[in-house]
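K.L.:
Structure: protein29.txt, compact mmCIF, C-alpha atoms and all ligand atoms.
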```txt
# COMPACT_ATOMS: atom_id res chain seq x y z
CA MET A 1259 18.97 9.97 6.32
CA PHE A 1260 21.32 7.00 6.09
CA THR A 1261 25.01 6.74 6.75
CA ASN A 1262 27.33 4.64 4.69
CA VAL A 1263 28.12 1.70 6.94
CA PRO A 1264 30.19 -1.16 5.54
CA PHE A 1265 28.91 -4.71 5.88
CA PRO A 1266 28.47 -6.31 8.39
CA ALA A 1267 27.90 -3.28 10.61
CA ILE A 1268 24.83 -2.64 8.50
CA PHE A 1269 22.95 -5.23 10.52
CA VAL A 1270 23.33 -3.23 13.71
CA ALA A 1271 20.27 -1.05 14.04
CA MET A 1272 21.23 2.59 13.67
CA SER A 1273 18.34 3.66 15.85
CA ASN A 1274 15.96 1.54 17.85
CA LYS A 1275 13.23 2.38 15.37
CA LYS A 1276 12.31 -0.46 13.05
CA ARG A 1277 12.95 0.14 9.35
CA VAL A 1278 9.69 0.03 7.47
CA PHE A 1279 9.32 -0.09 3.69
CA SER A 1280 6.13 -0.17 1.71
CA GLY A 1281 5.07 0.47 -1.85
CA ILE A 1282 1.91 1.45 -3.62
CA GLN A 1283 1.09 1.41 -7.33
CA PRO A 1284 0.11 4.57 -9.18
CA SER A 1285 -3.06 3.13 -10.63
CA GLY A 1286 -5.44 6.06 -10.92
CA ASP A 1287 -8.08 7.54 -8.65
CA LEU A 1288 -7.72 6.43 -5.07
CA HIS A 1289 -10.63 5.30 -2.91
CA ILE A 1290 -11.22 4.93 0.83
CA GLY A 1291 -10.19 1.26 0.60
CA ASN A 1292 -6.70 2.37 -0.45
CA TYR A 1293 -6.67 5.00 2.26
CA LEU A 1294 -8.07 2.91 5.15
CA GLY A 1295 -6.46 -0.35 4.07
CA ALA A 1296 -2.98 0.94 3.31
CA ILE A 1297 -2.17 4.65 3.51
CA VAL A 1298 -3.58 5.28 6.99
CA ASN A 1299 -1.36 2.57 8.46
CA TRP A 1300 1.67 4.24 6.94
CA VAL A 1301 0.65 7.63 8.32
CA ARG A 1302 -0.17 6.37 11.81
CA GLY A 1303 3.08 4.40 12.06
CA GLN A 1304 5.33 7.27 11.00
CA ASP A 1305 6.61 8.37 14.42
CA ALA A 1306 7.34 4.90 15.69
CA HIS A 1307 9.35 3.78 12.66
CA ASP A 1308 12.11 4.66 10.25
CA ASN A 1309 10.01 4.76 7.09
CA ILE A 1310 10.57 4.54 3.37
CA PHE A 1311 7.54 4.75 1.10
CA CYS A 1312 7.75 4.13 -2.60
CA ILE A 1313 5.46 4.84 -5.55
CA VAL A 1314 6.05 1.69 -7.57
CA ASP A 1315 5.68 2.76 -11.20
CA LEU A 1316 7.82 -0.15 -12.44
CA HIS A 1317 5.20 -2.47 -10.98
CA ALA A 1318 2.47 -0.50 -12.73
CA ILE A 1319 3.91 -1.21 -16.21
CA THR A 1320 3.51 -4.97 -15.73
CA VAL A 1321 0.09 -4.33 -17.31
CA PRO A 1322 -0.41 -2.02 -20.34
CA GLN A 1323 -0.38 1.68 -19.42
CA ASP A 1324 -1.04 4.87 -21.28
CA PRO A 1325 2.25 6.78 -20.75
CA LYS A 1326 0.59 10.17 -20.11
CA LYS A 1327 -1.90 8.65 -17.71
CA LEU A 1328 0.81 6.79 -15.84
CA LYS A 1329 2.72 10.03 -15.26
CA ALA A 1330 -0.46 11.76 -14.10
CA ASN A 1331 -1.27 8.84 -11.79
CA THR A 1332 2.19 9.01 -10.23
CA MET A 1333 1.71 12.72 -9.49
CA GLU A 1334 -1.82 12.10 -8.14
CA LEU A 1335 -0.63 9.36 -5.81
CA ALA A 1336 2.23 11.50 -4.51
CA LYS A 1337 -0.24 14.31 -3.80
CA VAL A 1338 -2.65 11.95 -2.05
CA LEU A 1339 0.10 10.46 0.12
CA LEU A 1340 1.37 13.89 1.15
CA ALA A 1341 -2.16 15.23 1.71
CA SER A 1342 -2.98 12.15 3.79
CA GLY A 1343 -0.17 13.01 6.18
CA ILE A 1344 2.98 11.34 4.90
CA ASP A 1345 5.43 13.88 6.26
CA PRO A 1346 8.72 14.21 4.35
CA LYS A 1347 10.41 15.16 7.63
CA LYS A 1348 9.50 11.82 9.15
CA SER A 1349 9.38 9.51 6.13
CA THR A 1350 11.14 9.28 2.81
CA LEU A 1351 8.87 9.23 -0.22
CA PHE A 1352 10.19 8.53 -3.70
CA VAL A 1353 9.36 7.06 -7.11
CA GLN A 1354 10.72 3.55 -7.76
CA SER A 1355 11.93 4.14 -11.34
CA GLU A 1356 14.05 7.06 -10.15
CA ARG A 1357 16.34 4.62 -8.32
CA PRO A 1358 17.88 2.27 -10.92
CA GLU A 1359 19.10 -0.04 -8.13
CA HIS A 1360 15.59 -1.53 -7.92
CA SER A 1361 15.76 -3.02 -11.41
CA GLU A 1362 19.32 -4.25 -10.90
CA MET A 1363 18.51 -5.86 -7.57
CA GLY A 1364 15.41 -7.39 -9.16
CA TRP A 1365 17.54 -9.06 -11.84
CA ILE A 1366 19.96 -10.56 -9.33
CA LEU A 1367 17.09 -11.85 -7.21
CA ASN A 1368 15.50 -13.35 -10.35
CA CYS A 1369 18.42 -15.71 -10.41
CA PHE A 1370 17.65 -16.83 -6.85
CA THR A 1371 13.94 -17.35 -7.47
CA HIS A 1372 12.31 -20.53 -8.73
CA MET A 1373 9.70 -20.66 -11.50
CA GLY A 1374 7.66 -23.01 -9.30
CA GLU A 1375 7.33 -20.61 -6.40
CA LEU A 1376 6.33 -17.71 -8.66
CA SER A 1377 3.77 -19.92 -10.40
CA ARG A 1378 2.07 -20.47 -7.05
CA MET A 1379 1.37 -16.77 -6.42
CA THR A 1380 -2.37 -16.30 -6.03
CA GLN A 1381 -2.37 -12.85 -7.61
CA PHE A 1382 -0.61 -14.15 -10.71
CA LYS A 1383 -2.98 -17.09 -10.94
CA GLU A 1384 -5.90 -14.64 -10.86
CA LYS A 1385 -4.51 -11.97 -13.19
CA GLY A 1386 -2.05 -13.83 -15.41
CA GLY A 1387 -2.07 -16.93 -17.54
CA LYS A 1388 -3.34 -15.25 -20.72
CA LYS A 1389 -1.43 -15.26 -24.00
CA GLU A 1390 -0.65 -11.55 -23.69
CA THR A 1391 0.33 -11.71 -19.98
CA THR A 1392 3.72 -10.01 -19.66
CA VAL A 1393 6.81 -11.66 -18.25
CA GLY A 1394 6.89 -8.60 -15.95
CA LEU A 1395 3.60 -9.58 -14.33
CA PHE A 1396 4.95 -13.05 -13.61
CA ASP A 1397 8.14 -11.55 -12.22
CA TYR A 1398 6.40 -8.82 -10.22
CA PRO A 1399 7.01 -10.39 -6.77
CA VAL A 1400 10.76 -10.51 -7.44
CA LEU A 1401 10.91 -6.79 -8.20
CA MET A 1402 8.93 -6.26 -5.00
CA ALA A 1403 11.42 -8.42 -3.07
CA GLY A 1404 14.16 -6.20 -4.48
CA ASP A 1405 12.37 -3.07 -3.26
CA ILE A 1406 12.16 -4.50 0.22
CA LEU A 1407 15.64 -6.03 0.51
CA LEU A 1408 17.48 -2.97 -0.86
CA TYR A 1409 16.74 -1.03 2.32
CA ASP A 1410 17.44 -3.69 4.99
CA THR A 1411 13.72 -3.56 5.71
CA GLU A 1412 12.51 -5.15 8.92
CA GLU A 1413 8.77 -4.61 8.56
CA VAL A 1414 6.53 -4.35 5.52
CA PRO A 1415 3.03 -3.00 6.22
CA VAL A 1416 0.71 -4.26 3.49
CA GLY A 1417 -2.86 -5.33 2.85
CA GLU A 1418 -3.82 -8.97 3.24
CA ASP A 1419 -3.57 -9.47 -0.55
CA GLN A 1420 0.17 -8.71 -0.52
CA LYS A 1421 1.11 -11.03 2.34
CA GLN A 1422 2.12 -13.84 0.00
CA HIS A 1423 4.43 -11.47 -1.87
CA VAL A 1424 6.21 -10.46 1.34
CA GLU A 1425 6.53 -14.12 2.21
CA ILE A 1426 8.25 -14.86 -1.08
CA ALA A 1427 10.59 -11.92 -0.41
CA ARG A 1428 11.48 -13.65 2.87
CA ASP A 1429 12.09 -16.96 1.08
CA ILE A 1430 14.32 -15.29 -1.52
CA ALA A 1431 16.25 -13.44 1.21
CA GLN A 1432 16.80 -16.64 3.18
CA ARG A 1433 17.91 -18.51 0.08
CA LEU A 1434 20.36 -15.76 -0.86
CA ASN A 1435 21.77 -15.64 2.67
CA LYS A 1436 22.17 -19.41 2.69
CA ARG A 1437 23.91 -19.51 -0.68
CA VAL A 1438 26.29 -16.54 -0.47
CA GLY A 1439 26.48 -15.64 3.23
CA LYS A 1440 24.31 -13.29 5.25
CA VAL A 1441 23.90 -10.26 2.97
CA VAL A 1442 20.29 -9.21 3.34
CA VAL A 1443 17.83 -8.65 6.18
CA VAL A 1444 14.85 -11.02 6.22
CA PRO A 1445 11.69 -8.87 6.38
CA GLU A 1446 8.41 -9.48 8.23
CA PRO A 1447 4.96 -8.66 6.83
CA VAL A 1448 2.75 -6.49 9.05
CA ILE A 1449 -0.94 -6.88 8.30
CA LYS A 1450 -3.32 -4.65 10.15
CA LYS A 1451 -6.50 -6.60 10.77
CA GLU A 1452 -9.23 -3.98 11.02
CA GLY A 1453 -9.57 -1.90 7.96
CA ALA A 1454 -7.52 -4.47 6.12
CA ARG A 1455 -10.36 -5.04 3.66
CA ILE A 1456 -12.90 -2.40 2.79
CA MET A 1457 -15.70 -3.93 0.77
CA SER A 1458 -17.80 -2.61 -2.12
CA LEU A 1459 -20.83 -0.55 -1.02
CA THR A 1460 -23.02 -2.19 -3.67
CA ASP A 1461 -21.76 -5.77 -3.27
CA PRO A 1462 -20.19 -6.13 0.18
CA THR A 1463 -18.90 -9.62 -0.58
CA LYS A 1464 -16.39 -8.03 -3.02
CA LYS A 1465 -13.44 -5.76 -2.23
CA MET A 1466 -13.94 -2.07 -2.90
CA SER A 1467 -12.14 -1.51 -6.19
CA LYS A 1468 -11.87 1.33 -8.67
CA SER A 1469 -12.10 -1.14 -11.53
CA ASP A 1470 -15.74 -1.80 -10.50
CA GLN A 1471 -18.20 -0.74 -13.25
CA ASN A 1472 -20.59 0.70 -10.67
CA GLU A 1473 -19.25 3.99 -9.32
CA ASN A 1474 -21.61 3.81 -6.35
CA SER A 1475 -19.54 0.87 -5.10
CA TYR A 1476 -16.59 3.04 -4.05
CA ILE A 1477 -15.88 6.39 -2.37
CA LEU A 1478 -13.07 8.26 -4.07
CA LEU A 1479 -10.81 10.44 -1.93
CA ARG A 1480 -11.80 13.38 -4.15
CA ASP A 1481 -15.58 12.74 -3.94
CA ASP A 1482 -17.47 15.77 -2.63
CA ALA A 1483 -19.75 15.62 0.44
CA GLU A 1484 -22.96 15.32 -1.59
CA THR A 1485 -21.63 12.40 -3.65
CA ILE A 1486 -20.45 10.65 -0.47
CA ARG A 1487 -23.87 11.06 1.19
CA LYS A 1488 -25.60 9.74 -1.93
CA LYS A 1489 -23.32 6.71 -2.21
CA PHE A 1490 -23.71 5.71 1.45
CA ALA A 1491 -27.48 6.21 1.29
CA ARG A 1492 -27.51 3.64 -1.54
CA ALA A 1493 -25.17 1.20 0.22
CA VAL A 1494 -26.50 -2.37 0.26
CA THR A 1495 -27.51 -3.67 3.73
CA ASP A 1496 -30.04 -6.32 4.78
CA SER A 1497 -33.56 -6.42 6.12
CA ASP A 1498 -33.27 -7.14 9.85
CA ASN A 1499 -32.49 -3.54 10.85
CA LYS A 1500 -29.95 -4.47 13.59
CA ILE A 1501 -26.56 -2.83 13.64
CA LYS A 1502 -24.37 -5.80 14.51
CA PHE A 1503 -21.06 -7.04 13.12
CA ASP A 1504 -21.57 -10.38 11.42
CA LYS A 1505 -19.49 -10.69 8.28
CA ALA A 1506 -21.19 -13.85 7.00
CA LYS A 1507 -24.82 -12.93 7.64
CA LYS A 1508 -24.62 -9.13 7.46
CA PRO A 1509 -21.75 -8.24 5.11
CA GLY A 1510 -23.11 -4.77 4.25
CA ILE A 1511 -23.62 -3.56 7.82
CA SER A 1512 -20.33 -5.19 8.89
CA ASN A 1513 -18.51 -3.26 6.16
CA LEU A 1514 -20.11 0.03 7.24
CA LEU A 1515 -19.21 -0.69 10.90
CA ASN A 1516 -15.66 -1.46 9.83
CA ILE A 1517 -15.42 1.78 7.81
CA MET A 1518 -16.71 3.83 10.74
CA SER A 1519 -14.43 2.00 13.15
CA VAL A 1520 -11.23 2.67 11.21
CA CYS A 1521 -12.05 6.22 10.28
CA THR A 1522 -12.95 7.23 13.85
CA GLU A 1523 -10.47 4.83 15.54
CA THR A 1524 -13.32 3.41 17.65
CA PRO A 1525 -13.68 -0.33 18.37
CA ILE A 1526 -16.60 -1.98 16.55
CA ILE A 1527 -18.04 -3.21 19.84
CA GLU A 1528 -18.48 0.38 21.02
CA LEU A 1529 -20.16 1.34 17.77
CA GLU A 1530 -22.57 -1.58 18.11
CA LYS A 1531 -23.54 -0.29 21.57
CA LYS A 1532 -23.88 3.28 20.36
CA TYR A 1533 -26.17 2.26 17.49
CA ALA A 1534 -28.11 -0.47 19.34
CA ASP A 1535 -31.36 1.53 19.05
CA SER A 1536 -30.75 3.22 15.70
CA ASN A 1537 -32.10 2.33 12.31
CA TYR A 1538 -30.07 1.77 9.16
CA GLY A 1539 -30.95 5.18 7.71
CA GLN A 1540 -29.50 7.07 10.67
CA PHE A 1541 -26.45 4.81 10.83
CA LYS A 1542 -25.67 5.24 7.12
CA THR A 1543 -25.99 9.03 7.46
CA ASP A 1544 -23.51 8.96 10.35
CA VAL A 1545 -21.05 6.73 8.48
CA ALA A 1546 -21.19 9.19 5.55
CA GLU A 1547 -20.53 12.14 7.89
CA CYS A 1548 -17.54 10.34 9.49
CA VAL A 1549 -16.04 9.74 6.06
CA ILE A 1550 -16.72 13.34 4.97
CA GLU A 1551 -15.00 14.62 8.16
CA MET A 1552 -12.06 12.27 7.65
CA LEU A 1553 -11.62 13.43 4.04
CA LYS A 1554 -12.06 17.17 4.67
CA PRO A 1555 -8.47 17.98 5.72
CA ILE A 1556 -7.08 15.64 3.06
CA GLN A 1557 -9.09 17.34 0.32
CA ALA A 1558 -8.01 20.78 1.54
CA LYS A 1559 -4.34 19.79 1.32
CA LEU A 1560 -4.90 18.14 -2.06
CA ALA A 1561 -6.21 21.44 -3.39
CA GLU A 1562 -3.00 23.13 -2.20
CA TYR A 1563 -0.76 20.53 -3.86
CA ASP A 1564 -2.84 20.81 -7.06
CA LYS A 1565 -1.66 24.41 -7.24
CA ASN A 1566 1.95 23.54 -6.50
CA GLU A 1567 3.05 20.39 -8.27
CA ASP A 1568 6.65 21.58 -8.35
CA LYS A 1569 6.73 21.25 -4.60
CA VAL A 1570 5.65 17.62 -4.97
CA ARG A 1571 8.34 16.99 -7.61
CA LYS A 1572 10.98 18.43 -5.29
CA ILE A 1573 9.88 16.21 -2.37
CA LEU A 1574 10.08 13.12 -4.61
CA ALA A 1575 13.49 14.09 -6.00
CA ASP A 1576 14.83 14.71 -2.49
CA GLY A 1577 13.43 11.34 -1.43
CA ALA A 1578 15.15 9.49 -4.27
CA GLU A 1579 18.41 11.17 -3.32
CA ALA A 1580 18.01 10.42 0.39
CA VAL A 1581 17.59 6.68 -0.16
CA ALA A 1582 20.43 6.43 -2.69
CA PRO A 1583 23.29 5.63 -0.25
CA ARG A 1584 21.36 2.76 1.31
CA ALA A 1585 20.25 1.32 -2.05
CA LYS A 1586 23.75 1.55 -3.52
CA ASP A 1587 25.31 0.02 -0.40
CA THR A 1588 23.04 -3.00 -0.35
CA LEU A 1589 23.35 -3.59 -4.07
CA GLN A 1590 27.14 -3.39 -3.86
CA ARG A 1591 27.19 -5.81 -0.94
CA VAL A 1592 24.94 -8.27 -2.76
CA LYS A 1593 26.93 -8.04 -6.03
CA LYS A 1594 30.16 -8.69 -4.18
CA ALA A 1595 28.69 -11.64 -2.28
CA VAL A 1596 27.31 -13.17 -5.47
CA GLY A 1597 30.68 -12.79 -7.21
CA LEU A 1598 29.72 -10.19 -9.82
CA GLY A 1599 32.35 -7.92 -11.33
CA LEU A 1600 36.05 -8.00 -10.61
P1 LIG B 1701 -4.30 -1.20 -5.60
O1 LIG B 1701 -4.23 0.10 -6.30
O2 LIG B 1701 -5.58 -1.95 -5.78
O3 LIG B 1701 -3.08 -2.04 -5.83
O4 LIG B 1701 -4.28 -0.88 -4.04
C1 LIG B 1701 -3.30 -0.09 -3.42
C2 LIG B 1701 -3.23 -0.45 -1.96
O5 LIG B 1701 -4.50 -0.31 -1.34
C3 LIG B 1701 -2.77 -1.88 -1.69
O6 LIG B 1701 -1.93 -1.87 -0.56
C4 LIG B 1701 -4.05 -2.63 -1.39
O7 LIG B 1701 -3.83 -3.68 -0.48
C5 LIG B 1701 -4.90 -1.54 -0.75
N1 LIG B 1701 -6.32 -1.75 -1.09
C6 LIG B 1701 -6.88 -1.71 -2.31
N2 LIG B 1701 -8.20 -1.93 -2.24
C7 LIG B 1701 -8.48 -2.13 -0.93
C8 LIG B 1701 -9.67 -2.40 -0.21
N3 LIG B 1701 -10.86 -2.50 -0.80
N4 LIG B 1701 -9.58 -2.55 1.12
C9 LIG B 1701 -8.41 -2.42 1.74
N5 LIG B 1701 -7.24 -2.16 1.13
C10 LIG B 1701 -7.27 -2.02 -0.20
N1 LIG B 1702 2.81 -5.07 -4.86
C1 LIG B 1702 2.33 -4.05 -3.99
C2 LIG B 1702 0.84 -3.75 -4.29
O1 LIG B 1702 0.40 -3.95 -5.38
C3 LIG B 1702 3.12 -2.78 -4.13
C4 LIG B 1702 4.56 -2.95 -3.78
C5 LIG B 1702 5.62 -2.95 -4.63
C6 LIG B 1702 5.08 -3.12 -2.48
N2 LIG B 1702 6.78 -3.08 -3.94
C7 LIG B 1702 6.49 -3.19 -2.63
C8 LIG B 1702 4.50 -3.19 -1.22
C9 LIG B 1702 7.32 -3.37 -1.54
C10 LIG B 1702 5.35 -3.39 -0.12
C11 LIG B 1702 6.73 -3.47 -0.28
O2 LIG B 1702 0.15 -3.27 -3.42
```
As structure tokens - that is how I would like this structure written.
Ligand code: AMP
Ligand code: TRP
P.N.:
Amino acid sequence: MFTNVPFPAIFVAMSNKKRVFSGIQPSGDLHIGNYLGAIVNWVRGQDAHDNIFCIVDLHAITVPQDPKKLKANTMELAKVLLASGIDPKKSTLFVQSERPEHSEMGWILNCFTHMGELSRMTQFKEKGGKKETTVGLFDYPVLMAGDILLYDTEEVPVGEDQKQHVEIARDIAQRLNKRVGKVVVVPEPVIKKEGARIMSLTDPTKKMSKSDQNENSYILLRDDAETIRKKFARAVTDSDNKIKFDKAKKPGISNLLNIMSVCTETPIIELEKKYADSNYGQFKTDVAECVIEMLKPIQAKLAEYDKNEDKVRKILADGAEAVAPRAKDTLQRVKKAVGLGL
């Protein structure tokens, strides 16, 4: 996939396609928020870009993990990504820990990152700060910066919650370039607005999340049609029976409109017109059917990969090998610029 080009020719685009890198954590069952907020953007952008997608298991161990479960989650995520349409002919998919350059790059970048800027990260402020918080969790954005910078990434498609982490990757890249000469590409975050946040079905002021105690709050990608219908039928709405997008006053209906909009690729304004004379019951039934239709081909492919996990392992191993020249090149360039080794 990549050719070995010595610095500084590396900065000349090798095709006019933008290099895109993104990562996702293997954290268990995936829901439609993960799919519509993250995965779908990767899939839909595949033809237009030169893509590298990474299952970031080193990020996952920043919080305690059961080793067996972590392995199973990595396999599940790989299957979901492939079943969702990540095509190994168009994109490279690999597991972060299978490329040691990520940890090495992370260490070097640690030494170009300030405690103060990491302390300001919203996600750390929310999740960290306890006695048993790991140093890894604090350092998480630096490892992420390493992931991005290793591949001369130009664009990083992420959910709104990760924007601050891409911004710190930019700051670290600029600082490194200023201190040791231009060695890394400064990446841009790409945040897709619609679909960016899928909310809980039972409390639409909160993000849909698999850590929610109430399983009616999320739709898992492996949920069957009956479960999906039942969950949407129970989705929280309001009492004025008008299907209009108004996030502040009608968070439930707005969330359902948003879900239907992203899964059918139809603007919300058109959906509002279409459902101007419908009641909530009919609308919820239709949203459920759209989601069922969207998930049908994904679930069919998942069932195939379930029977052939070796095929998945081979795709991941090939991916790790394909990105190796680029990762090694960048790391070598950075080490040399920093003055490491002889
Ligand atoms: P997580 O496993 O929560 O780290 O999420 C994996 C990916 O899915 C990240 O890129 C998140 O931004 C995205 N994501 C998670 N939950 C949602 C949600 N409710 N709406 C939109 N995107 C989400
Ligand atoms: N931190 C991201 C998340 O939790 C995952 C991630 C790790 C990532 N490395 C990345 C995303 C590099 C984009 C680019 O969602």
K.L.:
Excluding Thr1392 in chain A and any residue of its chain fewer than 3 positions from it, enumerate the residues within 7 Å of it, using only C-alpha atoms, and give them as a list of chain:residue names.
P.N.:
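So the residues in contact are A:Thr1320, A:Leu1395, A:Phe1396.
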K.L.:
Go through the chains and note each residue within 8 Å of ligand LIG 1702 (chain B), using all atoms listed in the file, then give the set as a PyMOL selection string.
P.N.:
chain A and resi 1279-1283+1312-1314+1317+1398-1399+1401-1406+1414-1417+1419-1420+1423-1424
K.L.:
Near Glu1425 in chain A, counting only C-alpha atoms, which residues have an atom at most 8 Å away, once you skip same-chain residues fewer than 3 positions from it, shown as number ranges by chain?
P.N.:
A: 1421-1422, 1428-1429, 1446-1447
K.L.:
Could you check which of A:Leu1376, A:Leu1434, A:Leu1408, A:Leu1574 is closest to Pro1346 in chain A, using all atoms listed in the file?
P.N.:
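Closest candidate: A:Leu1574.
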K.L.:
Go through A:Pro1445, A:Gly1364, A:Leu1600, A:Ala1341 one by one, measure the shortest atom-to-atom distance of each to Thr1411 in chain A using all atoms listed in the file, and give the residue with the smallest value.
P.N.:
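Of A:Pro1445, A:Gly1364, A:Leu1600, A:Ala1341, the one nearest Thr1411 in chain A is A:Pro1445, counting all atoms listed in the file.
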K.L.:
Check the smallest atom-to-atom distance from each of A:Gln1432, A:Gln1590, A:Ser1475, A:Ser1536 to ligand LIG 1701 (chain B) using all atoms listed in the file, then report the winner.
P.N.:
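So, comparing all the options, the nearest one is A:Ser1475.
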K.L.:
What residues have any atom no more than 7 Å from ligand LIG 1701 (chain B) when counting all atoms listed in the file, and can you list them as a PyMOL selection string?
P.N.:
chain A and resi 1282-1285+1291-1296+1416-1420+1453-1457+1465-1467
K.L.:
From (-21.5, 14.1, -1.3), in the file's coordinates, out to 8 Å: which residues are reached, counting only C-alpha atoms? Answer as an MDAnalysis selection string.
P.N.:
chainID A and resid 1481:1489 1550
K.L.:
Go ahead and compute the interatomic distance for CA of Ala1575 in chain A and CA of Val1442 in chain A, in Å to one decimal.
P.N.:
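Between CA of Ala1575 in chain A and CA of Val1442 in chain A the gap is 26.0 Å.
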K.L.:
Please provide the set of residues having any atom within 8 Å of range 1557-1562 of chain A, restricted to all atoms listed in the file, with same-chain residues fewer than 3 positions apart removed, written as a list in words.
P.N.:
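That gives Lys1337, Val1338, Ala1341, Leu1479, Arg1480, Leu1553, Lys1554, Lys1565 and Asn1566 of chain A.
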K.L.:
Complete the atom set of range 1455-1472 of chain A to N, CA and C atoms and return it as a PDB file, keeping the file's coordinate frame.
P.N.:
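What landed in selection-v4.pdb:
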```pdb
ATOM      1  N   ARG A1455      -9.579  -4.876   4.901  1.00  0.00           N
ATOM      2  CA  ARG A1455     -10.360  -5.040   3.660  1.00  0.00           C
ATOM      3  C   ARG A1455     -11.634  -4.216   3.717  1.00  0.00           C
ATOM      4  N   ILE A1456     -11.684  -3.190   2.902  1.00  0.00           N
ATOM      5  CA  ILE A1456     -12.900  -2.400   2.790  1.00  0.00           C
ATOM      6  C   ILE A1456     -13.663  -2.952   1.583  1.00  0.00           C
ATOM      7  N   MET A1457     -14.945  -3.254   1.810  1.00  0.00           N
ATOM      8  CA  MET A1457     -15.700  -3.930   0.770  1.00  0.00           C
ATOM      9  C   MET A1457     -16.519  -2.942  -0.071  1.00  0.00           C
ATOM     10  N   SER A1458     -16.978  -3.419  -1.216  1.00  0.00           N
ATOM     11  CA  SER A1458     -17.800  -2.610  -2.120  1.00  0.00           C
ATOM     12  C   SER A1458     -19.099  -2.212  -1.403  1.00  0.00           C
ATOM     13  N   LEU A1459     -19.585  -0.992  -1.656  1.00  0.00           N
ATOM     14  CA  LEU A1459     -20.830  -0.550  -1.020  1.00  0.00           C
ATOM     15  C   LEU A1459     -22.040  -1.184  -1.700  1.00  0.00           C
ATOM     16  N   THR A1460     -21.871  -1.618  -2.958  1.00  0.00           N
ATOM     17  CA  THR A1460     -23.020  -2.190  -3.670  1.00  0.00           C
ATOM     18  C   THR A1460     -23.011  -3.724  -3.663  1.00  0.00           C
ATOM     19  N   ASP A1461     -21.843  -4.315  -3.445  1.00  0.00           N
ATOM     20  CA  ASP A1461     -21.760  -5.770  -3.270  1.00  0.00           C
ATOM     21  C   ASP A1461     -20.719  -6.059  -2.201  1.00  0.00           C
ATOM     22  N   PRO A1462     -21.150  -6.057  -0.924  1.00  0.00           N
ATOM     23  CA  PRO A1462     -20.190  -6.130   0.180  1.00  0.00           C
ATOM     24  C   PRO A1462     -19.480  -7.480   0.330  1.00  0.00           C
ATOM     25  N   THR A1463     -19.687  -8.384  -0.623  1.00  0.00           N
ATOM     26  CA  THR A1463     -18.900  -9.620  -0.580  1.00  0.00           C
ATOM     27  C   THR A1463     -17.639  -9.454  -1.435  1.00  0.00           C
ATOM     28  N   LYS A1464     -17.571  -8.315  -2.173  1.00  0.00           N
ATOM     29  CA  LYS A1464     -16.390  -8.030  -3.020  1.00  0.00           C
ATOM     30  C   LYS A1464     -15.591  -6.878  -2.444  1.00  0.00           C
ATOM     31  N   LYS A1465     -14.279  -6.870  -2.690  1.00  0.00           N
ATOM     32  CA  LYS A1465     -13.440  -5.760  -2.230  1.00  0.00           C
ATOM     33  C   LYS A1465     -13.803  -4.461  -2.947  1.00  0.00           C
ATOM     34  N   MET A1466     -13.761  -3.349  -2.217  1.00  0.00           N
ATOM     35  CA  MET A1466     -13.940  -2.070  -2.900  1.00  0.00           C
ATOM     36  C   MET A1466     -12.811  -1.911  -3.912  1.00  0.00           C
ATOM     37  N   SER A1467     -13.164  -1.588  -5.152  1.00  0.00           N
ATOM     38  CA  SER A1467     -12.140  -1.510  -6.190  1.00  0.00           C
ATOM     39  C   SER A1467     -12.532  -0.472  -7.242  1.00  0.00           C
ATOM     40  N   LYS A1468     -11.519   0.292  -7.687  1.00  0.00           N
ATOM     41  CA  LYS A1468     -11.870   1.330  -8.670  1.00  0.00           C
ATOM     42  C   LYS A1468     -12.124   0.749 -10.046  1.00  0.00           C
ATOM     43  N   SER A1469     -11.810  -0.535 -10.230  1.00  0.00           N
ATOM     44  CA  SER A1469     -12.100  -1.140 -11.530  1.00  0.00           C
ATOM     45  C   SER A1469     -13.568  -1.601 -11.600  1.00  0.00           C
ATOM     46  N   ASP A1470     -14.312  -1.441 -10.505  1.00  0.00           N
ATOM     47  CA  ASP A1470     -15.740  -1.800 -10.500  1.00  0.00           C
ATOM     48  C   ASP A1470     -16.506  -0.910 -11.479  1.00  0.00           C
ATOM     49  N   GLN A1471     -17.392  -1.503 -12.263  1.00  0.00           N
ATOM     50  CA  GLN A1471     -18.200  -0.740 -13.250  1.00  0.00           C
ATOM     51  C   GLN A1471     -19.137   0.248 -12.569  1.00  0.00           C
ATOM     52  N   ASN A1472     -19.605  -0.109 -11.369  1.00  0.00           N
ATOM     53  CA  ASN A1472     -20.590   0.700 -10.670  1.00  0.00           C
ATOM     54  C   ASN A1472     -19.898   1.725  -9.763  1.00  0.00           C
TER      55      ASN A1472
END
```
